[in-house]
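Quick look at start-v1.txt (compact mmCIF, C-alpha atoms and all ligand atoms):
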```txt
# COMPACT_ATOMS: atom_id res chain seq x y z
CA MET W 1 -2.35 -9.28 -1.91
CA GLU W 2 0.87 -10.29 -0.17
CA HIS W 3 -0.22 -13.90 0.27
CA PHE W 4 -1.11 -14.45 -3.38
CA SER W 5 1.91 -15.03 -5.60
CA VAL W 6 2.88 -16.56 -8.92
CA ARG W 7 4.90 -19.76 -8.71
CA HIS W 8 5.92 -21.76 -11.77
CA GLY W 9 3.61 -19.59 -13.86
CA GLU W 10 0.51 -20.21 -11.73
CA THR W 11 -1.05 -18.05 -9.03
CA HIS W 12 -1.04 -19.58 -5.57
CA CYS W 13 -2.74 -18.52 -2.38
CA GLU W 14 -0.09 -19.27 0.25
CA ASN W 15 1.17 -22.70 -0.96
CA VAL W 16 -1.97 -23.82 -2.75
CA ALA W 17 -2.46 -23.33 -6.51
CA LEU W 18 -5.73 -21.58 -7.30
CA ARG W 19 -6.18 -24.17 -10.06
CA THR W 20 -6.23 -26.95 -7.45
CA ILE W 21 -9.02 -25.14 -5.61
CA ALA W 22 -10.99 -24.56 -8.81
CA GLU W 23 -10.72 -28.25 -9.69
CA ALA W 24 -11.79 -29.39 -6.23
CA VAL W 25 -14.47 -26.84 -5.41
CA GLY W 26 -15.56 -25.36 -8.73
CA THR W 27 -16.05 -21.70 -9.59
CA PRO W 28 -16.99 -19.02 -8.75
CA SER W 29 -15.35 -19.41 -5.35
CA TYR W 30 -13.95 -17.03 -2.79
CA VAL W 31 -10.44 -17.96 -1.69
CA TYR W 32 -9.05 -16.51 1.54
CA SER W 33 -5.59 -16.62 3.07
CA LYS W 34 -5.52 -17.33 6.78
CA ALA W 35 -1.94 -16.02 7.07
CA SER W 36 -3.02 -12.70 5.58
CA ILE W 37 -5.81 -12.19 8.12
CA LYS W 38 -3.58 -13.20 11.03
CA SER W 39 -0.78 -10.93 9.87
CA GLN W 40 -3.09 -7.89 9.56
CA LEU W 41 -4.34 -8.51 13.09
CA GLN W 42 -0.80 -8.82 14.41
CA LYS W 43 0.17 -5.56 12.71
CA LEU W 44 -2.84 -3.83 14.25
CA LYS W 45 -2.14 -5.22 17.70
CA SER W 46 1.50 -4.24 17.69
CA ALA W 47 0.77 -0.76 16.30
CA PHE W 48 -1.68 -0.08 19.13
CA ALA W 49 0.26 -1.97 21.83
CA SER W 50 1.46 1.22 23.53
CA TYR W 51 -2.07 2.37 24.38
CA PRO W 52 -5.09 0.55 25.89
CA THR W 53 -6.97 -0.28 22.72
CA HIS W 54 -9.70 -2.81 21.93
CA ILE W 55 -10.11 -4.01 18.38
CA CYS W 56 -13.71 -4.79 17.41
CA TYR W 57 -13.65 -6.35 13.94
CA ALA W 58 -16.49 -5.02 11.77
CA VAL W 59 -18.35 -8.26 11.05
CA LYS W 60 -20.10 -6.81 7.99
CA ALA W 61 -16.83 -6.83 6.02
CA ASN W 62 -16.79 -10.62 5.94
CA SER W 63 -18.99 -12.60 8.28
CA ASN W 64 -18.01 -16.16 7.38
CA LEU W 65 -18.09 -18.17 10.63
CA THR W 66 -14.66 -19.74 10.16
CA LEU W 67 -13.05 -16.40 9.38
CA LEU W 68 -14.78 -14.88 12.41
CA SER W 69 -13.55 -17.65 14.67
CA GLU W 70 -9.98 -17.17 13.40
CA ILE W 71 -10.32 -13.46 14.12
CA PHE W 72 -11.87 -13.82 17.58
CA GLU W 73 -9.14 -16.30 18.50
CA GLU W 74 -6.75 -13.35 18.41
CA ASP W 75 -8.53 -11.74 21.34
CA VAL W 76 -10.41 -9.40 19.04
CA GLY W 77 -14.03 -8.37 19.62
CA ALA W 78 -16.81 -7.56 17.17
CA ASP W 79 -18.56 -4.51 15.81
CA ILE W 80 -22.03 -5.70 14.79
CA VAL W 81 -25.04 -4.02 13.20
CA SER W 82 -27.82 -6.59 13.45
CA LEU W 83 -29.15 -9.53 15.43
CA GLY W 84 -27.86 -11.77 12.65
CA GLU W 85 -24.34 -10.44 13.05
CA LEU W 86 -24.60 -10.76 16.84
CA GLU W 87 -25.66 -14.43 16.61
CA ARG W 88 -22.94 -15.15 14.04
CA ALA W 89 -20.30 -13.54 16.20
CA LEU W 90 -21.48 -15.49 19.27
CA LYS W 91 -21.51 -18.74 17.29
CA ALA W 92 -17.95 -18.02 16.19
CA GLY W 93 -16.86 -17.60 19.79
CA VAL W 94 -16.77 -13.86 20.40
CA LYS W 95 -16.82 -12.75 24.02
CA PRO W 96 -20.14 -10.90 24.49
CA SER W 97 -18.30 -8.35 26.60
CA ALA W 98 -16.22 -7.47 23.51
CA VAL W 99 -19.19 -6.66 21.23
CA ALA W 100 -20.10 -3.13 20.14
CA PHE W 101 -23.53 -2.74 18.53
CA SER W 102 -23.49 -0.03 15.84
CA GLY W 103 -26.19 1.05 13.40
CA VAL W 104 -28.72 3.79 12.97
CA GLY W 105 -31.80 1.62 13.66
CA LYS W 106 -32.09 -1.28 16.09
CA ARG W 107 -35.23 -3.35 16.74
CA ASP W 108 -36.46 -4.24 20.23
CA ASP W 109 -35.63 -7.93 19.75
CA GLU W 110 -32.09 -6.94 18.78
CA LEU W 111 -31.71 -4.71 21.85
CA ARG W 112 -33.17 -7.43 24.05
CA ARG W 113 -30.80 -10.16 22.91
CA ALA W 114 -27.77 -7.88 23.12
CA LEU W 115 -28.76 -6.92 26.67
CA GLU W 116 -29.31 -10.53 27.63
CA VAL W 117 -25.87 -11.63 26.51
CA GLY W 118 -24.23 -8.53 28.02
CA ILE W 119 -22.50 -6.66 25.22
CA PHE W 120 -19.85 -4.01 25.72
CA SER W 121 -21.68 -1.03 24.22
CA PHE W 122 -24.70 0.15 22.28
CA ASN W 123 -23.49 2.80 19.86
CA VAL W 124 -26.54 5.02 20.02
CA GLU W 125 -27.51 7.47 17.30
CA SER W 126 -30.86 9.06 18.27
CA LEU W 127 -33.17 10.06 21.11
CA ALA W 128 -35.64 7.40 19.97
CA GLU W 129 -32.95 4.76 20.39
CA VAL W 130 -32.13 6.00 23.91
CA GLU W 131 -35.82 5.75 24.81
CA ASN W 132 -36.20 2.27 23.35
CA LEU W 133 -33.07 1.05 25.05
CA ALA W 134 -34.22 2.46 28.41
CA ARG W 135 -37.59 0.71 28.05
CA VAL W 136 -36.16 -2.66 27.00
CA ALA W 137 -33.39 -2.53 29.63
CA LYS W 138 -35.96 -1.76 32.32
CA GLU W 139 -38.15 -4.69 31.21
CA LEU W 140 -35.15 -6.99 31.54
CA GLY W 141 -33.82 -5.40 34.73
CA LYS W 142 -30.49 -4.71 33.02
CA ILE W 143 -28.23 -1.70 32.65
CA ALA W 144 -27.44 -0.80 29.04
CA PRO W 145 -23.91 0.49 28.38
CA ILE W 146 -24.08 3.38 25.91
CA SER W 147 -21.66 5.08 23.57
CA LEU W 148 -22.95 8.16 21.77
CA ARG W 149 -22.07 8.14 18.08
CA ILE W 150 -21.28 11.67 16.96
CA ASN W 151 -21.53 12.96 13.42
CA PRO W 152 -18.52 15.31 13.29
CA ASN W 153 -19.49 16.72 9.87
CA ILE W 154 -16.09 15.92 8.40
CA ASP W 155 -15.69 15.45 4.67
CA VAL W 156 -13.77 12.34 3.73
CA LYS W 157 -12.47 11.87 0.23
CA THR W 158 -14.00 8.52 -0.53
CA ASN W 159 -16.93 7.22 -2.52
CA PRO W 160 -19.98 9.28 -1.35
CA LYS W 161 -21.89 6.02 -0.81
CA ILE W 162 -19.46 5.02 1.95
CA ALA W 163 -18.79 8.45 3.52
CA THR W 164 -20.67 8.64 6.81
CA GLY W 165 -19.30 11.68 8.63
CA LEU W 166 -21.31 14.50 7.04
CA PHE W 167 -24.59 16.09 8.14
CA SER W 168 -26.06 15.07 4.78
CA THR W 169 -25.95 11.42 5.92
CA LYS W 170 -28.25 9.58 8.33
CA PHE W 171 -25.44 8.70 10.75
CA GLY W 172 -24.62 9.91 14.25
CA LEU W 173 -25.71 12.76 16.46
CA VAL W 174 -24.89 16.44 16.21
CA GLU W 175 -22.73 17.30 19.25
CA ALA W 176 -25.33 19.66 20.76
CA GLU W 177 -27.99 16.96 20.45
CA ALA W 178 -25.62 14.43 22.03
CA LEU W 179 -25.07 16.81 24.96
CA GLU W 180 -28.82 16.89 25.59
CA LEU W 181 -28.93 13.10 25.45
CA VAL W 182 -26.27 12.90 28.16
CA GLN W 183 -28.79 14.44 30.51
CA THR W 184 -31.58 12.11 29.37
CA ILE W 185 -29.29 9.10 29.90
CA ALA W 186 -28.24 10.31 33.36
CA GLU W 187 -31.91 10.39 34.41
CA GLN W 188 -32.46 6.74 33.46
CA LYS W 189 -31.30 4.21 35.97
CA HIS W 190 -31.19 1.45 33.35
CA LEU W 191 -28.75 3.32 31.14
CA ARG W 192 -25.08 4.09 31.66
CA LEU W 193 -23.04 6.37 29.44
CA LYS W 194 -19.62 4.80 28.89
CA GLY W 195 -18.20 6.32 25.77
CA VAL W 196 -18.42 8.50 22.72
CA GLY W 197 -17.42 7.69 19.19
CA CYS W 198 -17.67 8.23 15.48
CA HIS W 199 -17.14 6.45 12.19
CA ILE W 200 -16.54 8.90 9.38
CA GLY W 201 -16.40 6.58 6.41
CA SER W 202 -14.71 3.67 4.74
CA GLN W 203 -11.72 3.20 2.38
CA ILE W 204 -10.09 6.34 3.83
CA LEU W 205 -6.67 6.97 2.34
CA ASP W 206 -5.71 10.15 4.14
CA LEU W 207 -5.12 10.42 7.88
CA SER W 208 -6.00 14.11 8.20
CA PRO W 209 -9.81 13.60 8.53
CA MET W 210 -9.12 10.77 10.98
CA LYS W 211 -6.93 13.11 13.01
CA GLU W 212 -9.54 15.84 12.96
CA ALA W 213 -12.28 13.40 13.99
CA ALA W 214 -10.16 11.93 16.81
CA GLU W 215 -9.33 15.39 18.15
CA ARG W 216 -12.99 16.34 18.04
CA MET W 217 -13.96 13.17 19.91
CA ALA W 218 -11.23 13.80 22.48
CA SER W 219 -12.40 17.34 23.16
CA PHE W 220 -16.05 16.29 23.30
CA ALA W 221 -15.17 13.49 25.72
CA ALA W 222 -13.16 15.93 27.84
CA LYS W 223 -16.18 18.23 27.96
CA LEU W 224 -18.37 15.38 29.21
CA VAL W 225 -15.81 14.33 31.81
CA ALA W 226 -15.67 17.95 33.04
CA LEU W 227 -19.46 17.76 33.42
CA GLY W 228 -18.98 14.81 35.75
CA GLN W 229 -19.55 11.93 33.31
CA LYS W 230 -17.55 8.78 34.03
CA LEU W 231 -16.48 7.87 30.53
CA GLU W 232 -14.37 4.81 29.80
CA PHE W 233 -13.61 4.95 26.09
CA ILE W 234 -13.60 6.68 22.73
CA ASP W 235 -14.64 4.56 19.74
CA MET W 236 -13.06 5.77 16.48
CA GLY W 237 -14.88 3.29 14.21
CA GLY W 238 -13.15 1.69 11.25
CA GLY W 239 -12.41 3.05 7.83
CA LEU W 240 -8.71 2.76 7.06
CA GLY W 241 -8.35 2.06 3.34
CA ILE W 242 -6.40 -0.65 1.54
CA ARG W 243 -4.67 -0.87 -1.82
CA TYR W 244 -6.95 -2.02 -4.64
CA LYS W 245 -4.99 -0.56 -7.57
CA ASN W 246 -2.18 1.89 -6.91
CA GLU W 247 -3.47 3.71 -3.85
CA GLU W 248 -0.92 4.43 -1.12
CA PRO W 249 -2.90 3.91 2.09
CA PRO W 250 -1.33 5.17 5.32
CA SER W 251 0.58 2.51 7.23
CA ILE W 252 -1.14 0.83 10.16
CA LYS W 253 1.60 2.32 12.33
CA ALA W 254 0.89 5.88 11.17
CA TYR W 255 -2.86 5.29 11.63
CA ALA W 256 -2.27 4.08 15.19
CA GLU W 257 0.00 7.01 16.01
CA THR W 258 -2.58 9.48 14.71
CA LEU W 259 -5.40 8.06 16.81
CA ILE W 260 -3.30 7.50 19.93
CA ASN W 261 -1.83 11.02 19.87
CA ALA W 262 -5.29 12.54 19.69
CA ILE W 263 -6.92 10.32 22.33
CA LYS W 264 -4.05 10.06 24.82
CA PRO W 265 -4.69 13.41 26.58
CA THR W 266 -8.12 12.10 27.67
CA GLY W 267 -6.64 8.96 29.25
CA LEU W 268 -9.66 7.05 27.93
CA ASN W 269 -9.43 3.62 26.31
CA LEU W 270 -9.51 3.51 22.54
CA ILE W 271 -11.81 1.29 20.49
CA ILE W 272 -11.32 0.70 16.76
CA GLU W 273 -13.63 -1.16 14.39
CA PRO W 274 -11.58 -2.17 11.34
CA GLY W 275 -13.22 -4.33 8.70
CA ARG W 276 -11.72 -3.98 5.23
CA LEU W 277 -8.22 -3.61 6.64
CA VAL W 278 -8.39 -7.06 8.23
CA VAL W 279 -9.83 -9.12 5.38
CA GLY W 280 -9.85 -7.01 2.17
CA ASN W 281 -6.55 -8.13 0.73
CA ALA W 282 -6.86 -11.64 2.16
CA GLY W 283 -9.35 -12.77 -0.46
CA ALA W 284 -9.85 -13.30 -4.19
CA LEU W 285 -12.86 -14.30 -6.23
CA LEU W 286 -11.87 -17.17 -8.49
CA CYS W 287 -13.89 -17.46 -11.71
CA SER W 288 -13.85 -19.46 -14.95
CA VAL W 289 -14.08 -17.92 -18.37
CA LEU W 290 -17.32 -18.93 -20.10
CA ALA W 291 -16.82 -17.18 -23.42
CA THR W 292 -15.25 -14.24 -25.19
CA LYS W 293 -17.07 -12.06 -27.69
CA LYS W 294 -16.66 -8.89 -29.68
CA THR W 295 -18.91 -6.07 -30.76
CA PRO W 296 -17.80 -3.37 -33.20
CA LYS W 297 -16.94 -1.32 -30.09
CA LYS W 298 -15.67 -3.71 -27.43
CA SER W 299 -14.23 -7.09 -26.62
CA PHE W 300 -15.72 -8.99 -23.71
CA VAL W 301 -14.59 -11.79 -21.46
CA ILE W 302 -17.64 -13.43 -19.89
CA VAL W 303 -16.90 -15.21 -16.62
CA ASP W 304 -19.05 -17.34 -14.32
CA GLY W 305 -18.88 -14.93 -11.36
CA ALA W 306 -21.13 -11.88 -11.48
CA MET W 307 -22.41 -8.80 -9.70
CA ASN W 308 -24.43 -11.00 -7.36
CA ASP W 309 -21.14 -12.50 -6.11
CA LEU W 310 -19.17 -9.24 -5.92
CA VAL W 311 -21.30 -6.12 -6.24
CA ARG W 312 -18.63 -3.49 -5.51
CA PRO W 313 -17.73 -2.65 -9.12
CA ALA W 314 -21.42 -2.27 -10.10
CA MET W 315 -22.43 -0.48 -6.90
CA TYR W 316 -19.51 1.85 -6.22
CA ASP W 317 -17.61 1.78 -9.52
CA ALA W 318 -14.95 0.10 -7.40
CA TYR W 319 -11.76 -1.15 -8.99
CA HIS W 320 -10.65 -4.75 -8.45
CA GLY W 321 -7.54 -6.06 -10.16
CA ILE W 322 -8.24 -8.93 -12.56
CA ALA W 323 -5.53 -11.48 -13.32
CA CYS W 324 -5.18 -14.83 -15.04
CA VAL W 325 -4.39 -17.82 -12.85
CA ALA W 326 -1.98 -19.18 -15.49
CA LYS W 327 0.50 -16.60 -16.71
CA LYS W 328 0.36 -16.39 -20.49
CA ASN W 329 3.00 -14.89 -22.68
CA GLY W 330 1.74 -13.34 -25.83
CA PRO W 331 -0.07 -10.26 -27.00
CA GLU W 332 -2.62 -8.63 -24.74
CA ALA W 333 -5.75 -6.74 -25.73
CA LEU W 334 -8.32 -4.66 -23.89
CA TYR W 335 -11.38 -6.46 -22.61
CA ASP W 336 -14.36 -5.72 -20.44
CA VAL W 337 -14.66 -8.55 -17.94
CA VAL W 338 -18.35 -9.18 -17.31
CA GLY W 339 -20.63 -11.66 -15.58
CA PRO W 340 -23.68 -13.50 -16.92
CA VAL W 341 -26.26 -11.41 -15.03
CA CYS W 342 -28.78 -9.70 -17.28
CA GLU W 343 -27.73 -6.14 -16.52
CA THR W 344 -25.41 -3.91 -18.51
CA GLY W 345 -23.83 -2.87 -15.19
CA ASP W 346 -22.69 -6.42 -14.46
CA ILE W 347 -19.10 -5.47 -15.20
CA PHE W 348 -16.13 -6.52 -13.05
CA GLY W 349 -13.63 -4.40 -14.95
CA GLU W 350 -13.54 -2.21 -18.03
CA ASN W 351 -10.75 -2.04 -20.60
CA ARG W 352 -8.49 -4.51 -18.84
CA SER W 353 -5.37 -5.61 -20.62
CA LEU W 354 -5.51 -9.41 -20.76
CA PRO W 355 -3.99 -12.14 -22.93
CA GLU W 356 -6.20 -14.12 -25.24
CA LEU W 357 -8.54 -16.19 -23.10
CA LYS W 358 -10.70 -19.15 -23.90
CA SER W 359 -13.54 -20.93 -22.25
CA GLY W 360 -12.36 -22.82 -19.15
CA ASP W 361 -9.44 -20.50 -18.38
CA LEU W 362 -9.29 -19.30 -14.80
CA ILE W 363 -9.15 -15.67 -13.72
CA TYR W 364 -9.45 -14.05 -10.32
CA LEU W 365 -10.57 -10.74 -8.90
CA GLU W 366 -8.17 -9.32 -6.37
CA SER W 367 -8.86 -7.70 -3.00
CA ALA W 368 -12.26 -9.36 -2.71
CA GLY W 369 -12.03 -10.44 0.94
CA ALA W 370 -14.06 -7.50 2.27
CA TYR W 371 -17.63 -6.68 1.24
CA GLY W 372 -17.59 -9.50 -1.31
CA SER W 373 -19.31 -12.60 0.04
CA SER W 374 -21.01 -10.53 2.76
CA MET W 375 -22.83 -8.47 0.11
CA ALA W 376 -23.61 -11.37 -2.22
CA SER W 377 -27.17 -12.03 -3.33
CA ASN W 378 -29.13 -14.61 -5.29
CA TYR W 379 -30.08 -12.21 -8.08
CA ASN W 380 -30.90 -14.06 -11.30
CA THR W 381 -31.47 -17.13 -9.07
CA ARG W 382 -27.75 -17.71 -8.85
CA PRO W 383 -26.52 -19.79 -5.91
CA ARG W 384 -23.95 -17.94 -3.84
CA ALA W 385 -20.32 -18.94 -4.35
CA ALA W 386 -18.38 -21.42 -2.26
CA GLU W 387 -15.77 -20.04 0.15
CA VAL W 388 -12.39 -21.61 0.84
CA LEU W 389 -9.79 -20.86 3.48
CA VAL W 390 -6.16 -21.60 2.68
CA ASP W 391 -3.73 -22.32 5.48
CA GLY W 392 -0.18 -23.00 4.29
CA ASP W 393 -0.25 -26.16 2.17
CA HIS W 394 -3.88 -26.93 2.95
CA PHE W 395 -7.29 -25.57 2.16
CA LYS W 396 -10.78 -26.24 3.42
CA ILE W 397 -14.24 -25.29 2.30
CA VAL W 398 -15.63 -22.83 4.83
CA LYS W 399 -18.91 -22.31 2.99
CA ARG W 400 -20.47 -24.84 0.65
CA ARG W 401 -21.74 -23.56 -2.65
CA GLU W 402 -25.48 -23.03 -2.32
CA SER W 403 -27.65 -25.62 -3.99
CA LEU W 404 -30.65 -24.73 -6.11
CA ASP W 405 -32.88 -26.27 -3.44
CA ASP W 406 -31.39 -23.83 -0.92
CA LEU W 407 -32.65 -21.01 -3.11
CA TRP W 408 -36.34 -21.86 -2.93
CA ARG W 409 -36.40 -23.78 0.36
CA ASP W 410 -38.38 -21.05 2.10
CA GLU W 411 -40.77 -20.27 -0.74
CA ILE W 412 -44.35 -21.46 -0.58
CA LEU W 413 -45.82 -22.95 -3.73
N1 LIG W 501 -17.75 0.70 12.02
C1 LIG W 501 -18.90 1.16 11.51
C2 LIG W 501 -19.87 1.80 12.39
C3 LIG W 501 -19.16 1.02 10.13
O1 LIG W 501 -20.30 1.49 9.63
C4 LIG W 501 -18.20 0.38 9.29
C5 LIG W 501 -18.45 0.21 7.86
C6 LIG W 501 -17.02 -0.10 9.89
C7 LIG W 501 -16.82 0.09 11.25
C8 LIG W 501 -15.95 -0.80 9.10
O2 LIG W 501 -15.40 0.01 8.11
P1 LIG W 501 -14.10 -0.48 7.31
O3 LIG W 501 -12.97 -0.59 8.30
O4 LIG W 501 -14.40 -1.78 6.69
O5 LIG W 501 -13.90 0.59 6.32
N2 LIG W 501 -19.78 -1.93 1.31
C9 LIG W 501 -18.82 -0.84 1.23
C10 LIG W 501 -18.29 -0.45 2.59
C11 LIG W 501 -19.38 -0.08 3.57
C12 LIG W 501 -18.84 0.25 4.94
C13 LIG W 501 -19.93 0.36 5.92
N3 LIG W 501 -19.51 0.61 7.26
C14 LIG W 501 -17.71 -1.24 0.28
O6 LIG W 501 -17.77 -2.32 -0.31
O7 LIG W 501 -16.78 -0.47 0.07
```

What's the structure tokens form of this structure?
Amino acid sequence: MEHFSVRHGETHCENVALRTIAEAVGTPSYVYSKASIKSQLQKLKSAFASYPTHICYAVKANSNLTLLSEIFEEDVGADIVSLGELERALKAGVKPSAVAFSGVGKRDDELRRALEVGIFSFNVESLAEVENLARVAKELGKIAPISLRINPNIDVKTNPKIATGLFSTKFGLVEAEALELVQTIAEQKHLRLKGVGCHIGSQILDLSPMKEAAERMASFAAKLVALGQKLEFIDMGGGLGIRYKNEEPPSIKAYAETLINAIKPTGLNLIIEPGRLVVGNAGALLCSVLATKKTPKKSFVIVDGAMNDLVRPAMYDAYHGIACVAKKNGPEALYDVVGPVCETGDIFGENRSLPELKSGDLIYLESAGAYGSSMASNYNTRPRAAEVLVDGDHFKIVKRRESLDDLWRDEIL
């Protein structure tokens, strides 16, 4: 959270006090730092500068249109997983030729639109998908560029809900199956095999599985080239972890070196699909305290943000730092910080050491830029939070808080 700092006893995002944002926009609100996003992209670009690499930002991490347009301005493409993400990315100015379409299931209308705009690659995961793509491409008279997503069966030490590289998950193709598909693709004149790839999981804090996966992709690609396939790239997905608490994630430089060293012998271009790394530590969820209360067992701070705004703690037992906007001196005690949603699991943080808080005080959840707003829901008929982008001394609302009317606009009474 490099771009969030305490000045004169108050937390600022870049040069703007979080309190100023809370007063102008209300809470709960997501607050993002533009400088943080830009600096992550610069670090990525310079780390991979020595090798032909295309960065496709994983739109699912945060798909706010303004953030996307800031990202695409840096000559970065998009990794998308739905028609919605494709349309968002296009609206935000992505070059269609820089879009990779991932995901284990794609509908015909999604394939059709992606073919019409001319995306860079369909990351294909099954025979059924190859057949569908061949049919839709033929109907449109187009040639579909394909990358085969391999499941390398590599165990990654991360939350099992976000590990994707094992045979026990739905993702990717077993290498032998992928080899058979190469033949099927070669027989279809509306399909062209361009690459191979994998994505072994998210919030990865150790480079050794990445290295193993990259070496496996390199040797599989070399095998295909030896069979006469004209491959152009290897797509290594996303997944590099960030610091939420006291993790020591590998540096972007070390990550780049690991991937480049493994892929270089093939001479193929490298694609990466980072999401969390770009936006995770660029955002905070700003909330107001509604009340504090005590049971014989616990003390609670009840805030106006909840699991519908940021589901990661409830869904993955994920840790997010929780801090007060105004630094308070004085004794601290242990609190569970919870939201108003009617579920016991609506907990942002357990046993957090915090000063005495009262209704109206501001707190914020750290590292909420990735998989926060993009996973938000309207559970408990709660409007989704506003989103704000800070740029130096200025801030602007990049998503209005939903109104109640927005919530039932499409319902039929
Ligand atoms: N590429 C593919 C094919 C993916 O499935 C993902 C993430 C990414 C790239 C980006 O991964 P990243 O660089 O952000 O780790 N909601 C979970 C994370 C789910 C990740 C899903 N796939 C969370 O809040 O931790």

Which is closest to Val124 (chain W) among W:Gly172, W:Lys157, W:Ile363, W:Leu290, if we use all atoms listed in the file?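 Among W:Gly172, W:Lys157, W:Ile363, W:Leu290, it is W:Gly172 that comes nearest to Val124 (chain W).
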
Find the smallest box with edges along x, y and z containing every listed atom of region 98-112 of chain W, then add 5 Å on each side and report centre and edge lengths in Å to one decimal, as lines of an AutoDock Vina configuration file.
```
center_x = -26.3
center_y = -2.1
center_z = 18.5
size_x = 30.2
size_y = 21.7
size_z = 21.1
```

Could you give me, as a list of chain:residue names, every polymer residue with an atom at most 6 Å away from an atom of ligand LIG 501 (chain W), counting all atoms listed in the file?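 Protein and nucleic-acid residues within 6 Å of ligand LIG 501 (chain W): W:Ala58, W:Ala61, W:Ser102, W:Ile162, W:His199, W:Ser202, W:Gln203, W:Gly237, W:Gly238, W:Gly239, W:Leu240, W:Glu273, W:Pro274, W:Gly275, W:Arg276, W:Leu277, W:Arg312, W:Tyr371.
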
Using only C-alpha atoms, which residue out of W:Ser373, W:Ser126, W:Thr20, W:Asn378 lies closest to Val59 (chain W)?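 For Val59 (chain W), the nearest of the given residues is W:Ser373.
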
May I have the residues within 8 Å of Ser121 (chain W) as a list in words, using only C-alpha atoms and disregarding those fewer than 3 positions away in the same chain?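 Using only C-alpha atoms, the neighbours found are Val99, Ala100, Phe101, Ala144, Pro145, Ile146, Ser147 and Lys194 of chain W.
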
Compile a residue-level contact table for region 167-201 of chain W against region 209-213 of chain W at a cut-off of 10 Å, reporting for every qualifying residue the shortest atom pair and its distance in Å to one decimal, with all atoms listed in the file counted, rows ordered by chain and ascending number, as JSON lines.
```
{"residue": "W:Gly197", "atom": "CA", "partner": "W:Ala213", "partner_atom": "CA", "distance": 9.3}
{"residue": "W:Cys198", "atom": "CA", "partner": "W:Ala213", "partner_atom": "CA", "distance": 7.6}
{"residue": "W:His199", "atom": "CA", "partner": "W:Ala213", "partner_atom": "CA", "distance": 8.7}
{"residue": "W:Ile200", "atom": "CA", "partner": "W:Ala213", "partner_atom": "CA", "distance": 7.7}
{"residue": "W:Gly201", "atom": "CA", "partner": "W:Met210", "partner_atom": "CA", "distance": 9.6}
```

I need the chosen residues saved as a PDB file, in the coordinates of the input, with C-alpha atoms.
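Result file is selection_39.pdb:
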```pdb
ATOM      1  CA  GLY W 197     -17.420   7.690  19.190  1.00  0.00           C
ATOM      2  CA  CYS W 198     -17.670   8.230  15.480  1.00  0.00           C
ATOM      3  CA  HIS W 199     -17.140   6.450  12.190  1.00  0.00           C
ATOM      4  CA  ILE W 200     -16.540   8.900   9.380  1.00  0.00           C
ATOM      5  CA  GLY W 201     -16.400   6.580   6.410  1.00  0.00           C
TER       6      GLY W 201
END
```

Residues at most 6 Å from region 314-321 of chain W, counting all atoms listed in the file, excluding those fewer than 3 positions away in the same chain, as JSON, numbers by chain? {"W": [244, 311, 345, 365, 366]}

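Between Lys91 (chain W) and the residues W:Val303, W:Gly105, W:Leu65, W:Ile271, the shortest atom-to-atom distance, using all atoms listed in the file, involves W:Leu65.
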
Find the spatial neighbours of Asn329 (chain W), counting all atoms listed in the file, within a cut-off of 12 Å - ignore same-chain residues fewer than 4 positions away - and output them as a PDB file with C-alpha atoms, in the coordinates of the input.
```pdb
ATOM      1  CA  GLY W   9       3.610 -19.590 -13.860  1.00  0.00           C
ATOM      2  CA  CYS W 324      -5.180 -14.830 -15.040  1.00  0.00           C
ATOM      3  CA  LEU W 354      -5.510  -9.410 -20.760  1.00  0.00           C
ATOM      4  CA  PRO W 355      -3.990 -12.140 -22.930  1.00  0.00           C
ATOM      5  CA  GLU W 356      -6.200 -14.120 -25.240  1.00  0.00           C
ATOM      6  CA  LEU W 357      -8.540 -16.190 -23.100  1.00  0.00           C
TER       7      LEU W 357
END
```

Counting only C-alpha atoms, which residues of region 209-322 of chain W sit at most 8 Å from some atom of region 337-341 of chain W, and what is each one's closest atom pair with its distance in Å to one decimal, listed by chain and rising residue number, as CSV?
```
residue,atom,partner,partner_atom,distance
W:Phe300,CA,W:Val337,CA,5.9
W:Val301,CA,W:Val337,CA,4.8
W:Ile302,CA,W:Val338,CA,5.0
W:Val303,CA,W:Gly339,CA,5.3
W:Asp304,CA,W:Gly339,CA,6.0
W:Gly305,CA,W:Gly339,CA,5.6
W:Ala306,CA,W:Gly339,CA,4.1
W:Met307,CA,W:Gly339,CA,6.8
W:Asn308,CA,W:Val341,CA,7.9
```

Taking into account only C-alpha atoms, which residue in the set W:Val390, W:Leu166, W:Ile272, W:Leu285 is nearest to Ile55 (chain W)?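 Of all the options, W:Ile272 lies closest to Ile55 (chain W).
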
I'd like to know which of W:Gly103, W:Gly118, W:Gly392, W:Pro28 is closest to Lys142 (chain W), using all atoms listed in the file. W:Gly118

Of the candidates W:Glu177, W:Phe4, W:Arg382, W:Asn153, which one gets nearest to Asp405 (chain W) if we count only C-alpha atoms?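 Smallest distance to Asp405 (chain W) is found for W:Arg382.
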
Residues near region 253-258 of chain W, anyone? I mean within 9 Å using all atoms listed in the file, not counting same-chain ones fewer than 2 positions away, as a list in words.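 The residues satisfying every condition are Lys43, Leu44, Ser46, Ala47, Phe48, Leu207, Ser208, Met210, Lys211, Ala214, Leu240, Pro250, Ser251, Ile260, Asn261, Ala262 and Ile263 of chain W.
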
Which polymer residues have any atom within 12 Å of an atom of Arg135 (chain W), counting all atoms listed in the file, with same-chain residues fewer than 4 positions away left out, as a list in words?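 Final neighbour list, sorted by chain and number: Asp108, Leu111, Arg112, Leu115, Ala128, Glu129, Val130, Glu131, Glu139, Leu140, Gly141, Lys142, Ile143, Ala144, Ile185, Gln188, Lys189, His190 and Leu191 of chain W.
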